[in-house]
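What's in my_file-v1.cif: mmCIF, C-alpha atoms and all ligand atoms
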```cif
data_query
#
loop_
_atom_site.label_atom_id
_atom_site.label_comp_id
_atom_site.auth_asym_id
_atom_site.auth_seq_id
_atom_site.Cartn_x
_atom_site.Cartn_y
_atom_site.Cartn_z
CA MET A 28 277.09 -37.23 152.02
CA LYS A 29 273.56 -38.68 151.92
CA LYS A 30 271.61 -39.89 148.92
CA ILE A 31 268.06 -38.59 148.61
CA LEU A 32 265.74 -40.02 145.97
CA VAL A 33 262.95 -37.74 144.71
CA VAL A 34 259.97 -39.43 143.03
CA ASN A 35 257.36 -37.54 141.04
CA THR A 36 254.38 -39.61 139.91
CA GLY A 37 252.41 -37.72 137.25
CA SER A 38 249.26 -38.66 135.33
CA SER A 39 251.09 -40.76 132.72
CA SER A 40 254.68 -40.63 133.90
CA VAL A 41 257.02 -41.37 136.78
CA LYS A 42 260.16 -39.25 137.13
CA TYR A 43 262.97 -39.61 139.61
CA LYS A 44 266.12 -37.73 140.56
CA LEU A 45 268.81 -38.99 142.88
CA PHE A 46 270.70 -36.28 144.79
CA ASP A 47 273.87 -36.32 146.84
CA MET A 48 273.16 -34.00 149.76
CA PRO A 49 274.13 -31.52 151.03
CA ALA A 50 276.19 -30.95 147.85
CA GLU A 51 272.92 -30.98 145.82
CA THR A 52 274.61 -32.96 143.03
CA VAL A 53 272.27 -34.88 140.72
CA VAL A 54 273.78 -38.37 140.58
CA ALA A 55 271.15 -39.86 138.29
CA SER A 56 267.72 -39.06 136.92
CA GLY A 57 265.18 -40.83 134.82
CA LEU A 58 261.60 -41.19 133.78
CA VAL A 59 259.04 -43.57 132.38
CA GLU A 60 256.44 -41.84 130.25
CA ASN A 61 253.28 -42.73 128.33
CA ILE A 62 252.30 -45.20 131.05
CA GLY A 63 248.97 -46.68 130.13
CA GLU A 64 248.77 -44.77 126.84
CA ASN A 65 250.05 -47.40 124.37
CA GLY A 66 248.90 -50.65 125.86
CA ASP A 67 251.70 -51.86 128.03
CA SER A 68 254.61 -50.19 126.28
CA ALA A 69 256.18 -47.13 127.89
CA GLN A 70 259.32 -45.15 127.12
CA CYS A 71 262.02 -45.16 129.70
CA ARG A 72 264.95 -42.75 129.92
CA HIS A 73 267.69 -42.81 132.47
CA HIS A 74 270.60 -40.45 132.86
CA ARG A 75 273.67 -41.04 134.98
CA LYS A 76 276.25 -38.34 135.64
CA GLU A 77 279.18 -40.35 134.27
CA ASP A 78 277.80 -41.95 131.15
CA GLY A 79 274.95 -39.98 129.64
CA GLU A 80 271.56 -41.20 128.62
CA LEU A 81 270.07 -44.66 128.31
CA GLN A 82 266.80 -45.06 126.44
CA GLY A 83 264.48 -47.90 125.82
CA LYS A 84 260.98 -49.25 125.74
CA ILE A 85 259.77 -51.14 128.74
CA SER A 86 256.70 -53.09 129.42
CA CYS A 87 254.69 -51.77 132.34
CA ARG A 88 250.97 -51.61 132.81
CA ASP A 89 250.76 -49.05 135.57
CA HIS A 90 252.69 -46.68 137.80
CA ARG A 91 253.62 -49.40 140.27
CA GLU A 92 255.27 -51.47 137.57
CA ALA A 93 257.00 -48.36 136.19
CA ILE A 94 258.53 -47.71 139.61
CA LEU A 95 259.63 -51.33 139.97
CA ASP A 96 261.38 -51.00 136.58
CA LEU A 97 263.04 -47.71 137.47
CA PHE A 98 264.42 -49.20 140.67
CA GLN A 99 265.85 -52.12 138.71
CA ILE A 100 267.78 -49.62 136.57
CA LEU A 101 268.88 -47.72 139.65
CA VAL A 102 270.66 -50.79 141.07
CA ASP A 103 271.82 -52.20 137.71
CA LYS A 104 275.34 -53.59 138.13
CA LYS A 105 276.71 -51.80 135.04
CA LYS A 106 274.62 -48.68 134.59
CA GLY A 107 273.03 -48.21 137.99
CA ALA A 108 273.67 -45.30 140.31
CA VAL A 109 273.73 -47.20 143.63
CA SER A 110 275.04 -50.65 144.42
CA ASP A 111 272.24 -51.25 146.87
CA LEU A 112 268.97 -49.42 147.57
CA SER A 113 269.99 -49.19 151.23
CA GLU A 114 272.39 -46.40 150.16
CA ILE A 115 269.34 -44.17 149.77
CA ALA A 116 268.69 -42.34 153.05
CA VAL A 117 265.19 -40.98 152.29
CA VAL A 118 262.71 -41.06 149.42
CA GLY A 119 260.92 -37.72 148.94
CA HIS A 120 257.60 -37.88 147.08
CA ARG A 121 255.91 -35.00 145.33
CA VAL A 122 252.24 -35.13 146.34
CA VAL A 123 249.74 -32.87 144.62
CA HIS A 124 247.44 -32.27 147.59
CA GLY A 125 247.82 -32.18 151.33
CA GLY A 126 244.26 -31.02 152.04
CA GLU A 127 243.69 -28.77 155.03
CA ARG A 128 246.12 -30.71 157.16
CA PHE A 129 249.65 -30.55 155.77
CA SER A 130 251.52 -27.29 155.83
CA ALA A 131 255.00 -28.83 155.57
CA PRO A 132 256.70 -32.04 154.41
CA VAL A 133 255.79 -35.04 156.50
CA GLY A 134 257.26 -38.49 157.16
CA ILE A 135 254.89 -41.04 155.63
CA THR A 136 253.08 -43.39 158.00
CA GLY A 137 250.00 -45.56 157.59
CA GLU A 138 248.00 -42.81 159.21
CA VAL A 139 249.27 -40.19 156.72
CA LEU A 140 248.37 -42.49 153.82
CA ALA A 141 244.91 -43.06 155.29
CA TYR A 142 244.35 -39.28 155.39
CA LEU A 143 245.50 -38.91 151.77
CA GLU A 144 243.14 -41.74 150.72
CA LYS A 145 240.33 -39.85 152.44
CA ILE A 146 240.91 -36.65 150.46
CA THR A 147 241.39 -38.15 146.97
CA SER A 148 238.17 -36.45 145.79
CA LEU A 149 240.07 -33.13 146.04
CA ALA A 150 242.48 -34.28 143.29
CA PRO A 151 240.94 -37.43 141.79
CA LEU A 152 243.25 -37.60 138.76
CA HIS A 153 246.55 -37.22 140.57
CA LEU A 154 246.33 -38.12 144.25
CA PRO A 155 245.54 -41.84 143.75
CA LEU A 156 248.61 -42.10 141.49
CA ASN A 157 250.79 -40.32 144.05
CA ILE A 158 249.58 -42.77 146.68
CA ALA A 159 250.28 -45.72 144.35
CA GLY A 160 253.82 -44.37 143.82
CA ILE A 161 254.40 -44.11 147.58
CA ARG A 162 253.07 -47.63 148.19
CA ALA A 163 255.30 -49.06 145.44
CA CYS A 164 258.39 -47.42 147.00
CA MET A 165 257.43 -48.66 150.46
CA GLU A 166 257.05 -52.15 149.03
CA ILE A 167 260.52 -52.06 147.47
CA MET A 168 262.25 -50.22 150.33
CA PRO A 169 260.32 -51.12 153.47
CA ASP A 170 263.11 -49.99 155.80
CA THR A 171 263.78 -46.61 154.18
CA ASP A 172 262.17 -43.38 155.40
CA GLN A 173 259.65 -41.97 152.95
CA ALA A 174 258.51 -38.35 153.08
CA ALA A 175 255.79 -36.42 151.26
CA CYS A 176 256.11 -32.83 150.01
CA PHE A 177 252.84 -31.19 149.01
CA ASP A 178 252.10 -28.78 146.18
CA THR A 179 249.52 -27.11 148.39
CA ALA A 180 251.54 -26.80 151.62
CA PHE A 181 253.16 -23.43 150.87
CA PHE A 182 249.70 -21.87 150.71
CA HIS A 183 248.72 -22.80 154.23
CA ALA A 184 250.04 -19.35 155.04
CA LEU A 185 247.22 -17.70 153.05
CA PRO A 186 245.04 -15.57 155.30
CA ARG A 187 241.39 -16.62 155.58
CA SER A 188 240.39 -13.57 153.56
CA GLY A 189 242.68 -14.89 150.82
CA PHE A 190 241.73 -18.56 150.76
CA LEU A 191 237.96 -18.37 151.17
CA TYR A 192 235.61 -17.86 148.22
CA PRO A 193 232.71 -15.47 148.74
CA VAL A 194 230.16 -18.33 148.64
CA PRO A 195 227.94 -19.74 151.42
CA TYR A 196 230.28 -20.38 154.37
CA GLU A 197 229.08 -23.96 154.82
CA TRP A 198 230.56 -24.86 151.42
CA TYR A 199 233.90 -24.48 153.19
CA GLU A 200 232.90 -25.93 156.53
CA ARG A 201 231.06 -28.99 155.21
CA TYR A 202 232.70 -29.63 151.86
CA GLY A 203 236.19 -28.10 152.06
CA VAL A 204 235.58 -25.62 149.23
CA ARG A 205 238.46 -23.12 149.45
CA ARG A 206 241.54 -21.96 147.59
CA TYR A 207 244.26 -24.58 148.15
CA GLY A 208 246.77 -23.26 145.59
CA PHE A 209 249.26 -25.37 143.61
CA HIS A 210 252.88 -25.15 142.36
CA GLY A 211 253.76 -24.50 146.02
CA ILE A 212 256.98 -26.55 145.99
CA SER A 213 258.14 -24.52 143.01
CA TYR A 214 257.25 -21.25 144.74
CA GLU A 215 259.09 -22.16 147.91
CA TYR A 216 262.19 -22.77 145.81
CA LEU A 217 261.72 -19.59 143.74
CA SER A 218 261.29 -17.47 146.88
CA GLU A 219 264.47 -18.93 148.43
CA GLU A 220 266.43 -18.41 145.21
CA ALA A 221 265.15 -14.86 144.72
CA ALA A 222 266.24 -14.01 148.27
CA ARG A 223 269.64 -15.58 147.59
CA MET A 224 270.05 -13.56 144.38
CA LEU A 225 269.11 -10.35 146.19
CA ASP A 226 271.28 -11.33 149.15
CA ARG A 227 268.49 -10.50 151.55
CA PRO A 228 266.43 -12.69 153.88
CA VAL A 229 263.14 -13.84 152.39
CA LYS A 230 261.47 -12.40 155.52
CA ASP A 231 262.37 -8.89 154.29
CA LEU A 232 261.06 -9.30 150.76
CA LYS A 233 257.84 -8.87 148.81
CA ILE A 234 258.01 -11.30 145.92
CA ILE A 235 255.64 -11.87 143.01
CA ALA A 236 256.51 -15.09 141.16
CA CYS A 237 254.90 -16.67 138.13
CA HIS A 238 255.35 -20.31 137.20
CA LEU A 239 254.43 -20.43 133.51
CA GLY A 240 254.62 -23.97 132.12
CA ASN A 241 251.86 -26.09 130.64
CA GLY A 242 250.00 -25.15 133.81
CA CYS A 243 250.43 -21.48 134.72
CA SER A 244 250.01 -19.73 138.05
CA ILE A 245 251.23 -16.71 139.96
CA MET A 246 251.66 -15.98 143.65
CA ALA A 247 252.48 -13.17 146.03
CA CYS A 248 254.80 -13.88 148.95
CA ASP A 249 254.82 -11.13 151.57
CA ARG A 250 257.89 -11.32 153.81
CA GLY A 251 258.19 -15.09 153.71
CA ALA A 252 254.50 -16.03 153.73
CA ALA A 253 252.28 -16.62 150.69
CA CYS A 254 249.44 -14.09 150.72
CA ASP A 255 247.70 -14.86 147.42
CA THR A 256 247.84 -17.22 144.46
CA SER A 257 245.88 -17.70 141.27
CA MET A 258 245.15 -21.45 141.30
CA GLY A 259 242.33 -22.30 143.64
CA PHE A 260 240.21 -25.28 144.63
CA THR A 261 241.73 -26.99 141.58
CA PRO A 262 244.56 -26.04 139.20
CA LEU A 263 241.95 -24.80 136.69
CA GLU A 264 241.51 -21.35 138.22
CA GLY A 265 243.54 -18.25 137.46
CA LEU A 266 245.80 -17.52 134.51
CA MET A 267 245.23 -18.60 130.91
CA MET A 268 247.26 -21.80 130.38
CA GLY A 269 248.32 -24.13 127.56
CA THR A 270 245.00 -25.97 127.39
CA ARG A 271 243.21 -24.75 130.56
CA SER A 272 240.89 -21.76 130.58
CA GLY A 273 241.85 -20.25 133.92
CA SER A 274 239.16 -18.09 135.57
CA PHE A 275 235.87 -17.38 133.87
CA ASP A 276 232.26 -16.74 134.87
CA PRO A 277 230.92 -20.03 136.36
CA ALA A 278 227.41 -19.21 135.10
CA ILE A 279 228.72 -20.00 131.59
CA LEU A 280 228.73 -23.71 132.52
CA PRO A 281 224.95 -24.23 133.02
CA TYR A 282 224.32 -21.89 130.07
CA MET A 283 226.53 -24.03 127.80
CA MET A 284 224.96 -27.23 129.17
CA ALA A 285 221.55 -25.93 128.16
CA GLN A 286 222.76 -24.69 124.75
CA THR A 287 224.68 -27.82 123.74
CA GLY A 288 223.14 -30.63 125.77
CA LEU A 289 226.63 -31.59 126.91
CA SER A 290 227.24 -32.78 130.45
CA ALA A 291 229.11 -30.78 133.11
CA ASP A 292 231.90 -33.37 132.98
CA ARG A 293 232.28 -33.03 129.23
CA LEU A 294 232.38 -29.21 129.42
CA LEU A 295 234.83 -29.38 132.30
CA ASN A 296 236.99 -31.57 130.12
CA ASP A 297 236.85 -28.85 127.42
CA LEU A 298 237.92 -26.27 130.01
CA ASN A 299 240.89 -28.44 130.97
CA THR A 300 241.99 -29.73 127.59
CA ARG A 301 240.56 -27.58 124.76
CA SER A 302 240.86 -24.07 126.15
CA GLY A 303 243.67 -21.62 126.94
CA LEU A 304 246.29 -20.99 124.26
CA ALA A 305 245.10 -24.06 122.30
CA GLY A 306 241.44 -23.07 122.42
CA ILE A 307 241.93 -19.45 121.40
CA SER A 308 244.65 -19.92 118.78
CA GLY A 309 243.26 -23.12 117.26
CA ILE A 310 246.93 -23.81 116.52
CA SER A 311 248.79 -25.15 119.54
CA ARG A 312 249.08 -25.14 123.30
CA ASP A 313 252.79 -24.47 122.99
CA MET A 314 253.90 -20.85 123.37
CA ARG A 315 256.72 -21.44 120.84
CA ASP A 316 254.15 -22.24 118.15
CA ILE A 317 252.00 -19.28 119.18
CA VAL A 318 254.92 -16.83 118.94
CA ALA A 319 256.00 -18.27 115.55
CA ALA A 320 252.46 -18.18 114.13
CA ALA A 321 251.94 -14.64 115.44
CA GLU A 322 255.13 -13.54 113.67
CA ASN A 323 253.73 -15.10 110.51
CA GLY A 324 250.61 -12.99 110.82
CA SER A 325 248.08 -15.41 112.35
CA ASP A 326 245.36 -13.26 113.88
CA ARG A 327 244.25 -15.97 116.34
CA ALA A 328 247.84 -16.55 117.49
CA VAL A 329 248.24 -12.80 118.13
CA LEU A 330 244.98 -12.89 120.07
CA ALA A 331 246.10 -15.88 122.19
CA PHE A 332 249.40 -14.14 122.97
CA ASP A 333 247.67 -10.86 123.85
CA MET A 334 245.12 -12.58 126.10
CA PHE A 335 247.86 -14.49 127.93
CA VAL A 336 249.69 -11.21 128.59
CA HIS A 337 246.52 -9.26 129.46
CA ILE A 338 245.47 -11.76 132.12
CA LEU A 339 248.95 -12.22 133.60
CA LYS A 340 249.42 -8.47 133.84
CA LYS A 341 246.10 -8.08 135.64
CA TYR A 342 247.25 -10.48 138.38
CA ILE A 343 250.67 -8.83 138.68
CA GLY A 344 248.92 -5.50 139.22
CA ALA A 345 246.60 -6.99 141.82
CA TYR A 346 249.44 -8.61 143.77
CA PHE A 347 251.57 -5.47 143.54
CA PHE A 348 248.76 -3.55 145.21
CA ARG A 349 247.96 -6.37 147.62
CA MET A 350 251.48 -6.16 149.07
CA GLY A 351 252.00 -2.42 148.64
CA GLY A 352 254.74 -2.94 146.03
CA ALA A 353 257.24 -5.67 145.22
CA ASP A 354 260.99 -6.16 145.52
CA ALA A 355 261.11 -8.85 142.85
CA LEU A 356 259.06 -10.26 139.99
CA VAL A 357 260.19 -13.80 139.17
CA PHE A 358 259.61 -15.68 135.90
CA ALA A 359 259.86 -19.50 135.89
CA GLY A 360 258.53 -22.56 134.04
CA GLY A 361 258.99 -23.37 130.33
CA ILE A 362 257.44 -20.07 129.17
CA GLY A 363 258.85 -17.91 131.97
CA GLU A 364 262.37 -19.27 131.46
CA ASN A 365 262.39 -19.28 127.66
CA SER A 366 260.14 -16.58 126.27
CA PRO A 367 261.68 -13.09 126.23
CA GLU A 368 258.64 -12.04 124.18
CA ILE A 369 256.20 -12.80 126.99
CA ARG A 370 258.42 -11.22 129.67
CA GLU A 371 258.83 -8.05 127.64
CA ALA A 372 255.13 -7.81 126.76
CA VAL A 373 254.07 -8.37 130.38
CA CYS A 374 256.34 -5.60 131.70
CA LYS A 375 255.57 -3.18 128.85
CA GLY A 376 254.36 0.16 130.20
CA LEU A 377 255.19 -0.76 133.81
CA SER A 378 258.17 1.60 134.25
CA PHE A 379 255.97 3.65 136.55
CA ALA A 380 255.90 0.64 138.91
CA GLY A 381 259.66 0.07 138.62
CA MET A 382 259.40 -2.90 136.25
CA ASP A 383 261.88 -1.91 133.56
CA VAL A 384 263.10 -4.70 131.29
CA ASP A 385 266.60 -4.49 129.83
CA PRO A 386 265.99 -5.83 126.29
CA GLU A 387 269.50 -7.23 125.87
CA LYS A 388 269.56 -9.10 129.21
CA ASN A 389 266.03 -10.31 128.56
CA ARG A 390 266.93 -11.71 125.14
CA LYS A 391 269.98 -13.52 126.49
CA THR A 392 268.42 -15.09 129.59
CA ILE A 393 266.94 -18.30 128.16
CA HIS A 394 267.49 -22.08 128.10
CA GLY A 395 267.57 -22.75 131.81
CA GLN A 396 269.76 -19.82 132.80
CA SER A 397 268.90 -17.78 135.83
CA GLY A 398 269.56 -14.07 135.76
CA ARG A 399 268.45 -10.50 136.22
CA ILE A 400 266.65 -8.92 133.28
CA HIS A 401 265.90 -5.43 134.64
CA LYS A 402 267.56 -2.14 133.77
CA LYS A 403 270.26 -0.89 136.11
CA ASP A 404 268.18 1.41 138.30
CA ALA A 405 264.84 -0.39 138.07
CA GLY A 406 262.79 -0.31 141.27
CA VAL A 407 261.77 -3.98 141.01
CA HIS A 408 264.24 -6.81 140.42
CA LEU A 409 263.05 -8.78 137.40
CA LEU A 410 264.45 -12.29 137.80
CA VAL A 411 264.43 -15.42 135.68
CA ILE A 412 264.87 -18.53 137.82
CA PRO A 413 264.57 -22.06 136.42
CA ALA A 414 261.97 -24.01 138.38
CA ASN A 415 263.46 -26.88 140.36
CA GLU A 416 260.85 -28.69 142.38
CA GLU A 417 262.96 -31.84 142.75
CA LEU A 418 265.79 -29.93 144.42
CA MET A 419 263.31 -28.22 146.76
CA ILE A 420 261.98 -31.65 147.77
CA ALA A 421 265.52 -32.97 148.31
CA ARG A 422 266.35 -29.92 150.45
CA SER A 423 263.15 -30.26 152.47
CA VAL A 424 263.47 -33.96 153.24
CA PHE A 425 267.22 -33.72 153.85
CA GLY A 426 266.64 -30.87 156.29
CA LYS A 427 263.94 -32.88 158.01
CA LYS A 428 266.16 -35.93 158.26
CA GLU A 429 268.98 -33.91 159.78
CA ARG A 430 266.82 -32.26 162.40
CA PRO A 431 267.01 -34.00 165.78
P1 LIG B 501 255.26 -28.43 132.69
O1 LIG B 501 254.28 -27.45 133.25
O2 LIG B 501 254.59 -29.60 132.03
O3 LIG B 501 256.39 -28.78 133.61
P2 LIG B 501 257.21 -26.78 131.30
O4 LIG B 501 257.51 -25.96 132.50
O5 LIG B 501 258.29 -27.61 130.73
O6 LIG B 501 255.91 -27.66 131.45
O7 LIG B 501 256.70 -25.77 130.18
C1 LIG B 501 256.26 -26.23 128.94
C2 LIG B 501 255.89 -25.05 128.08
O8 LIG B 501 257.02 -24.15 127.98
C3 LIG B 501 255.62 -25.45 126.65
O9 LIG B 501 254.29 -25.81 126.48
C4 LIG B 501 255.94 -24.20 125.91
O10 LIG B 501 254.76 -23.45 125.76
C5 LIG B 501 256.87 -23.43 126.79
N1 LIG B 501 258.17 -23.20 126.15
C6 LIG B 501 259.25 -24.00 126.12
N2 LIG B 501 260.24 -23.44 125.40
C7 LIG B 501 259.79 -22.23 124.98
C8 LIG B 501 260.31 -21.16 124.20
N3 LIG B 501 261.54 -21.21 123.70
N4 LIG B 501 259.53 -20.09 123.98
C9 LIG B 501 258.28 -20.03 124.47
N5 LIG B 501 257.73 -21.00 125.19
C10 LIG B 501 258.46 -22.09 125.46
#
```

Rewrite the coordinates I just gave you, this time as structure tokens.
Amino acid sequence: MKKILVVNTGSSSVKYKLFDMPAETVVASGLVENIGENGDSAQCRHHRKEDGELQGKISCRDHREAILDLFQILVDKKKGAVSDLSEIAVVGHRVVHGGERFSAPVGITGEVLAYLEKITSLAPLHLPLNIAGIRACMEIMPDTDQAACFDTAFFHALPRSGFLYPVPYEWYERYGVRRYGFHGISYEYLSEEAARMLDRPVKDLKIIACHLGNGCSIMACDRGAACDTSMGFTPLEGLMMGTRSGSFDPAILPYMMAQTGLSADRLLNDLNTRSGLAGISGISRDMRDIVAAAENGSDRAVLAFDMFVHILKKYIGAYFFRMGGADALVFAGGIGENSPEIREAVCKGLSFAGMDVDPEKNRKTIHGQSGRIHKKDAGVHLLVIPANEELMIARSVFGKKERP
């Protein structure tokens, strides 16, 4: 048995999960959230298999300090999950962007870090924090292997016709403007799990999967290789999301700058934080609130729900045609895993394409359960699979470690 630690450094949080591999048992997990939001006070939660949850406030000013605190808890004599950090065989880091270079997990070296530093402008809000997280772990565990798994890597398989935008070619050549795609770690896991549920090799399957959380995206995986995805140069493109607009006509930006006098940055901020479900409903970014308000007759909530479905359905149709059909349509993420209403509305009227929802199975498959929600003889398997990026990272780095 080997212990693999997975570290996920987000914009205001650090999460970790400690796995025993190859059993895939979660030995402990924890997070520090609200880093940098309330002065130096952040919430810390820690969960160990044997004795439930510990909670508390800790004082940390940045992600590095948050990681130092988490590691203290990890080796705590009473509540810790390891007696010494040397028990951890590898640390696997979730890294938002691997640029044009990384198509698979990689062992972290100074040279890898230098490359990531060079491409921070591709993900200025997240990549510097990922790098800070890696450096903090290297500082604490200088003798332990560290590996990076990239949210973009799965989409290296996209064909050129799928990752290029129809803009002047030098935008790509000189400035790296292309579709990179995100949620790739999640999609690798969902594809593997879908294949397992169908008991067929992923190389034989055409899979459409949608990861619908706060950020939402969809991808098509044609016989083991991603062939299209909705997020692009940044995670702003594609589906309607909780607070992000998804795709819209870029000419609206200069038009709105001229109309309002607001800067491009300010409008971009609106597209990231005041759009999507929140922007249209004026109520909430949370699909639970939208569904409840729609049931209570809110016209704007009904509109937000309908737009979410309309746009998602459009992409499903496009990917279905792109691959010449689909064996499975997978729902994941907070909305995909918990909203029978969205799943039913998205598949409504799609019997002709083999997407027949069984209402009873659909209603029952919620709260982190995986399952099949299609009718008995449906042509397309409709699957709900809880996203599990941490496990995918643990599998990837464990596999890497074991390879000679
Ligand atoms: P993240 O993308 O931050 O990881 P999650 O995958 O946890 O987020 O998804 C969060 C979203 O899931 C919430 O904003 C909410 O809209 C949605 N959600 C959670 N539970 C339900 C539910 N019961 N019904 C509908 N939507 C839900």

Residues near region 320-337 of chain A, anyone? I mean within 7 Å using only C-alpha atoms, not counting same-chain ones fewer than 5 positions away, as a list of chain:residue names. A:Met267, A:Leu304, A:Ile307, A:Ser308, A:Ile369, A:Ala372, A:Val373

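A straight line drawn from CA of Val133 (chain A) to CA of Gln173 (chain A) is 8.7 Å long.
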
Might I get the box with edges along x, y and z of the file that holds all atoms of region 177-185 of chain A listed there, padded by 6 Å on every side, given as centre and edge lengths in Å to one decimal, as AutoDock Vina command-line options?
```
--center_x 250.2 --center_y -24.4 --center_z 150.6 --size_x 17.9 --size_y 25.5 --size_z 20.9
```

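Restricting the calculation to only C-alpha atoms, the smallest distance between Ala421 (chain A) and any of A:Pro49, A:Gly288, A:Gly273, A:Gly37 is found for A:Pro49.
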
Taking only C-alpha atoms and all ligand atoms into account, list the residues no farther than 9 Å from ligand LIG 501 (chain B), as a PDB file with C-alpha atoms, in the frame of the given file.
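Below is the file out-v4.pdb, written as the result:
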```pdb
ATOM      1  CA  HIS A 238     255.350 -20.310 137.200  1.00  0.00           C
ATOM      2  CA  LEU A 239     254.430 -20.430 133.510  1.00  0.00           C
ATOM      3  CA  GLY A 240     254.620 -23.970 132.120  1.00  0.00           C
ATOM      4  CA  ASN A 241     251.860 -26.090 130.640  1.00  0.00           C
ATOM      5  CA  GLY A 242     250.000 -25.150 133.810  1.00  0.00           C
ATOM      6  CA  CYS A 243     250.430 -21.480 134.720  1.00  0.00           C
ATOM      7  CA  MET A 268     247.260 -21.800 130.380  1.00  0.00           C
ATOM      8  CA  GLY A 269     248.320 -24.130 127.560  1.00  0.00           C
ATOM      9  CA  LEU A 304     246.290 -20.990 124.260  1.00  0.00           C
ATOM     10  CA  SER A 311     248.790 -25.150 119.540  1.00  0.00           C
ATOM     11  CA  ARG A 312     249.080 -25.140 123.300  1.00  0.00           C
ATOM     12  CA  ASP A 313     252.790 -24.470 122.990  1.00  0.00           C
ATOM     13  CA  MET A 314     253.900 -20.850 123.370  1.00  0.00           C
ATOM     14  CA  ARG A 315     256.720 -21.440 120.840  1.00  0.00           C
ATOM     15  CA  ASP A 316     254.150 -22.240 118.150  1.00  0.00           C
ATOM     16  CA  ILE A 317     252.000 -19.280 119.180  1.00  0.00           C
ATOM     17  CA  VAL A 318     254.920 -16.830 118.940  1.00  0.00           C
ATOM     18  CA  ALA A 359     259.860 -19.500 135.890  1.00  0.00           C
ATOM     19  CA  GLY A 360     258.530 -22.560 134.040  1.00  0.00           C
ATOM     20  CA  GLY A 361     258.990 -23.370 130.330  1.00  0.00           C
ATOM     21  CA  ILE A 362     257.440 -20.070 129.170  1.00  0.00           C
ATOM     22  CA  GLY A 363     258.850 -17.910 131.970  1.00  0.00           C
ATOM     23  CA  GLU A 364     262.370 -19.270 131.460  1.00  0.00           C
ATOM     24  CA  ASN A 365     262.390 -19.280 127.660  1.00  0.00           C
ATOM     25  CA  SER A 366     260.140 -16.580 126.270  1.00  0.00           C
ATOM     26  CA  PRO A 367     261.680 -13.090 126.230  1.00  0.00           C
ATOM     27  CA  GLU A 368     258.640 -12.040 124.180  1.00  0.00           C
ATOM     28  CA  ILE A 369     256.200 -12.800 126.990  1.00  0.00           C
ATOM     29  CA  ILE A 393     266.940 -18.300 128.160  1.00  0.00           C
ATOM     30  CA  HIS A 394     267.490 -22.080 128.100  1.00  0.00           C
ATOM     31  CA  PRO A 413     264.570 -22.060 136.420  1.00  0.00           C
ATOM     32  CA  ALA A 414     261.970 -24.010 138.380  1.00  0.00           C
TER      33      ALA A 414
END
```

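Between CA of Asp89 (chain A) and CA of Gly57 (chain A) lies a distance of 16.6 Å.
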
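For His210 (chain A), the set of protein, DNA and RNA residues having any atom at most 8 Å away, when counting all atoms listed in the file and skipping those fewer than 4 positions along the same chain, is Asp178, Thr179, Tyr214, His238 and Ser244 of chain A.
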
Could you check which of A:Asn35, A:Gln99, A:Gln70, A:Ser272 is closest to Ile161 (chain A), using only C-alpha atoms? A:Asn35

Which residues are close to Gly265 (chain A), i.e. within 10 Å by all atoms listed in the file, leaving aside same-chain residues fewer than 3 positions away? Reply as a VMD selection string. chain A and resid 243 to 245 256 to 259 261 to 262 268 271 to 275 338 to 339 342

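Using all atoms listed in the file for every distance, the candidate list A:Tyr43, A:Phe98, A:Tyr142, A:Tyr196 yields A:Tyr43 as the residue closest to Arg121 (chain A).
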
Rounded to one decimal in Å, what is the spacing between CA of Ser38 (chain A) and CA of Tyr216 (chain A)? 23.0 Å

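Considering only C-alpha atoms, the residue among A:Leu45, A:Leu356, A:Ala175, A:Leu232 positioned nearest to Leu143 (chain A) is A:Ala175.
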
Find the residues around Gly125 (chain A) up to 10 Å (only C-alpha atoms counted), leave out those fewer than 3 positions away in its own chain, and share them as number ranges by chain. A: 122, 128-133, 139, 142-143, 146-147, 149-150, 154, 175-180, 183, 207

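Among the candidate residues A:Ser86, A:Phe181, A:Asp170, A:Val33, the one lying nearest to Gly126 (chain A) is A:Phe181, with distances computed using all atoms listed in the file.
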
What's the 12 Å shell around region 162-164 of chain A, counting only C-alpha atoms, without same-chain residues fewer than 3 positions away, as a PyMOL selection string? chain A and resi 32-36+41+43+89-98+112+115+117-120+135-137+139-141+144+155-159+167-175

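Between Gly398 (chain A) and the candidates A:Met284, A:Leu295, A:Met224, A:Ala353, the tightest atom-to-atom separation, counting all atoms listed in the file, involves A:Met224.
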